[in-house]
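Everything on this sheet refers to the single structure shown next.
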Amino acid sequence: MSTVCPVCSNPIEQDASFCPHCGFKLLGSTQQFKPVLLADETIEPEVPQTQQAELRVVRGPQTGVAFQLGDRGLTVGRSPQCDIFLNDMTVSREHAVIEPVDGGGYVIRDENSFNGVWVSNDSIDEHRLASGDIIQIGAFLLLYQEG
């Protein structure tokens, strides 16, 4: 069974690691996941050292890593070019965007990802974040905290 190269549109074999016509390296596809049910689990927030908002990985690869949110939008995804790089096949290359909003705070927006963005077990397209929100992106659980 063959598929089509995303660059040159020539047919390629499904298990090929690169396109034999143009040489494009096929990075694989996003894997499916199931959301983590949080009903019986409490995740305690840590007091951030700064007065800014942050996302802290509380479950999954990179547990304990914190990402500081600033005054510009940040891309989230599996692509190394993303501002918040989440290296796991359950995360789309360009999965979500987090942007500051007027009056303070942040909004997270799904960028047409395969597995979606979940905030406190609800699938969302766009959501204004509140301190203590648990965001699931693929295999990652991220805690949003405001300083």
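Scheme for the structure tokens: letters A, B, ... for chains in order shown; per-chain residue numbers from 1; ligand numbers from 1 in order shown.
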Residue neighbourhood range 129-146 of chain A, 7 Å, only C-alpha atoms, exclusion window fewer than 3 positions, as a ChimeraX atom specification
/A:33,45,52-61,90-91,105-108,115,117-120
Residues from last step as file, N, CA, C and O atoms, as a PDB file, in the first residue's frame:
```pdb
ATOM      1  N   PHE A  33      -3.877   9.115  21.306  1.00  0.00           N
ATOM      2  CA  PHE A  33      -3.786   8.913  22.738  1.00  0.00           C
ATOM      3  C   PHE A  33      -5.185   8.959  23.333  1.00  0.00           C
ATOM      4  O   PHE A  33      -6.147   9.295  22.675  1.00  0.00           O
ATOM      5  N   PRO A  45      -0.156  22.666  43.001  1.00  0.00           N
ATOM      6  CA  PRO A  45       0.678  23.661  42.332  1.00  0.00           C
ATOM      7  C   PRO A  45       1.875  24.044  43.203  1.00  0.00           C
ATOM      8  O   PRO A  45       1.793  24.021  44.427  1.00  0.00           O
ATOM      9  N   GLN A  52       5.527  35.961  36.786  1.00  0.00           N
ATOM     10  CA  GLN A  52       4.915  35.675  35.500  1.00  0.00           C
ATOM     11  C   GLN A  52       4.178  34.341  35.554  1.00  0.00           C
ATOM     12  O   GLN A  52       4.342  33.561  36.473  1.00  0.00           O
ATOM     13  N   ALA A  53       3.398  34.108  34.520  1.00  0.00           N
ATOM     14  CA  ALA A  53       2.713  32.820  34.400  1.00  0.00           C
ATOM     15  C   ALA A  53       3.681  31.789  33.838  1.00  0.00           C
ATOM     16  O   ALA A  53       4.645  32.121  33.147  1.00  0.00           O
ATOM     17  N   GLU A  54       3.394  30.524  34.162  1.00  0.00           N
ATOM     18  CA  GLU A  54       4.222  29.446  33.641  1.00  0.00           C
ATOM     19  C   GLU A  54       3.379  28.206  33.393  1.00  0.00           C
ATOM     20  O   GLU A  54       2.293  28.055  33.945  1.00  0.00           O
ATOM     21  N   LEU A  55       3.908  27.346  32.532  1.00  0.00           N
ATOM     22  CA  LEU A  55       3.377  26.001  32.321  1.00  0.00           C
ATOM     23  C   LEU A  55       4.431  25.048  32.853  1.00  0.00           C
ATOM     24  O   LEU A  55       5.598  25.142  32.488  1.00  0.00           O
ATOM     25  N   ARG A  56       4.012  24.117  33.719  1.00  0.00           N
ATOM     26  CA  ARG A  56       4.931  23.141  34.285  1.00  0.00           C
ATOM     27  C   ARG A  56       4.452  21.752  33.914  1.00  0.00           C
ATOM     28  O   ARG A  56       3.282  21.419  34.113  1.00  0.00           O
ATOM     29  N   VAL A  57       5.335  20.927  33.382  1.00  0.00           N
ATOM     30  CA  VAL A  57       5.001  19.549  33.025  1.00  0.00           C
ATOM     31  C   VAL A  57       4.891  18.756  34.324  1.00  0.00           C
ATOM     32  O   VAL A  57       5.851  18.664  35.087  1.00  0.00           O
ATOM     33  N   VAL A  58       3.684  18.200  34.581  1.00  0.00           N
ATOM     34  CA  VAL A  58       3.458  17.447  35.811  1.00  0.00           C
ATOM     35  C   VAL A  58       3.289  15.945  35.565  1.00  0.00           C
ATOM     36  O   VAL A  58       3.263  15.170  36.509  1.00  0.00           O
ATOM     37  N   ARG A  59       3.174  15.549  34.302  1.00  0.00           N
ATOM     38  CA  ARG A  59       3.111  14.132  33.967  1.00  0.00           C
ATOM     39  C   ARG A  59       3.546  13.957  32.516  1.00  0.00           C
ATOM     40  O   ARG A  59       3.238  14.767  31.667  1.00  0.00           O
ATOM     41  N   GLY A  60       4.233  12.858  32.262  1.00  0.00           N
ATOM     42  CA  GLY A  60       4.691  12.545  30.923  1.00  0.00           C
ATOM     43  C   GLY A  60       6.168  12.853  30.759  1.00  0.00           C
ATOM     44  O   GLY A  60       6.864  13.176  31.722  1.00  0.00           O
ATOM     45  N   PRO A  61       6.657  12.745  29.532  1.00  0.00           N
ATOM     46  CA  PRO A  61       8.055  13.079  29.279  1.00  0.00           C
ATOM     47  C   PRO A  61       8.345  14.511  29.754  1.00  0.00           C
ATOM     48  O   PRO A  61       7.481  15.370  29.699  1.00  0.00           O
ATOM     49  N   THR A  90       2.587  11.615  20.262  1.00  0.00           N
ATOM     50  CA  THR A  90       1.175  11.921  20.507  1.00  0.00           C
ATOM     51  C   THR A  90       0.889  13.412  20.362  1.00  0.00           C
ATOM     52  O   THR A  90      -0.256  13.842  20.467  1.00  0.00           O
ATOM     53  N   VAL A  91       1.934  14.200  20.120  1.00  0.00           N
ATOM     54  CA  VAL A  91       1.822  15.649  19.945  1.00  0.00           C
ATOM     55  C   VAL A  91       2.002  15.967  18.465  1.00  0.00           C
ATOM     56  O   VAL A  91       2.932  15.478  17.826  1.00  0.00           O
ATOM     57  N   GLY A 105      -3.439  37.629  31.612  1.00  0.00           N
ATOM     58  CA  GLY A 105      -3.803  36.241  31.382  1.00  0.00           C
ATOM     59  C   GLY A 105      -3.429  35.760  29.992  1.00  0.00           C
ATOM     60  O   GLY A 105      -2.831  36.485  29.198  1.00  0.00           O
ATOM     61  N   TYR A 106      -3.812  34.523  29.721  1.00  0.00           N
ATOM     62  CA  TYR A 106      -3.450  33.868  28.464  1.00  0.00           C
ATOM     63  C   TYR A 106      -4.616  33.046  27.947  1.00  0.00           C
ATOM     64  O   TYR A 106      -5.465  32.603  28.711  1.00  0.00           O
ATOM     65  N   VAL A 107      -4.602  32.840  26.647  1.00  0.00           N
ATOM     66  CA  VAL A 107      -5.568  31.966  25.998  1.00  0.00           C
ATOM     67  C   VAL A 107      -4.773  30.885  25.261  1.00  0.00           C
ATOM     68  O   VAL A 107      -3.695  31.160  24.724  1.00  0.00           O
ATOM     69  N   ILE A 108      -5.289  29.651  25.282  1.00  0.00           N
ATOM     70  CA  ILE A 108      -4.679  28.563  24.521  1.00  0.00           C
ATOM     71  C   ILE A 108      -5.631  28.204  23.400  1.00  0.00           C
ATOM     72  O   ILE A 108      -6.847  28.169  23.589  1.00  0.00           O
ATOM     73  N   ASN A 115      -4.837  15.046  18.089  1.00  0.00           N
ATOM     74  CA  ASN A 115      -5.407  14.597  19.364  1.00  0.00           C
ATOM     75  C   ASN A 115      -6.109  15.691  20.148  1.00  0.00           C
ATOM     76  O   ASN A 115      -6.694  15.424  21.189  1.00  0.00           O
ATOM     77  N   VAL A 117      -6.594  19.565  22.169  1.00  0.00           N
ATOM     78  CA  VAL A 117      -6.112  20.158  23.417  1.00  0.00           C
ATOM     79  C   VAL A 117      -7.219  19.969  24.442  1.00  0.00           C
ATOM     80  O   VAL A 117      -8.385  20.246  24.167  1.00  0.00           O
ATOM     81  N   TRP A 118      -6.836  19.509  25.627  1.00  0.00           N
ATOM     82  CA  TRP A 118      -7.795  19.234  26.692  1.00  0.00           C
ATOM     83  C   TRP A 118      -7.434  20.111  27.882  1.00  0.00           C
ATOM     84  O   TRP A 118      -6.271  20.174  28.294  1.00  0.00           O
ATOM     85  N   VAL A 119      -8.418  20.805  28.439  1.00  0.00           N
ATOM     86  CA  VAL A 119      -8.214  21.605  29.636  1.00  0.00           C
ATOM     87  C   VAL A 119      -9.192  21.078  30.689  1.00  0.00           C
ATOM     88  O   VAL A 119     -10.405  21.103  30.474  1.00  0.00           O
ATOM     89  N   SER A 120      -8.630  20.561  31.776  1.00  0.00           N
ATOM     90  CA  SER A 120      -9.426  19.974  32.862  1.00  0.00           C
ATOM     91  C   SER A 120     -10.445  18.968  32.328  1.00  0.00           C
ATOM     92  O   SER A 120     -11.626  19.016  32.660  1.00  0.00           O
TER      93      SER A 120
END
```
Contacts of Asp110 in chain A at 8 Å (only C-alpha atoms; same-chain gap of 2+ positions) as a VMD selection string
chain A and resid 95 to 97 108 112 to 113 116 to 117 124 to 126
Using only C-alpha atoms for the distances, tell me which of A:Gln62, A:Val4, A:Val36, A:Ser92 is nearest to His21 in chain A.
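Among the listed residues, the smallest separation from His21 in chain A belongs to A:Val4.
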Separation of CA of Gly104 in chain A and CA of Arg128 in chain A, in Å?
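Interatomic distance here is 10.5 Å.
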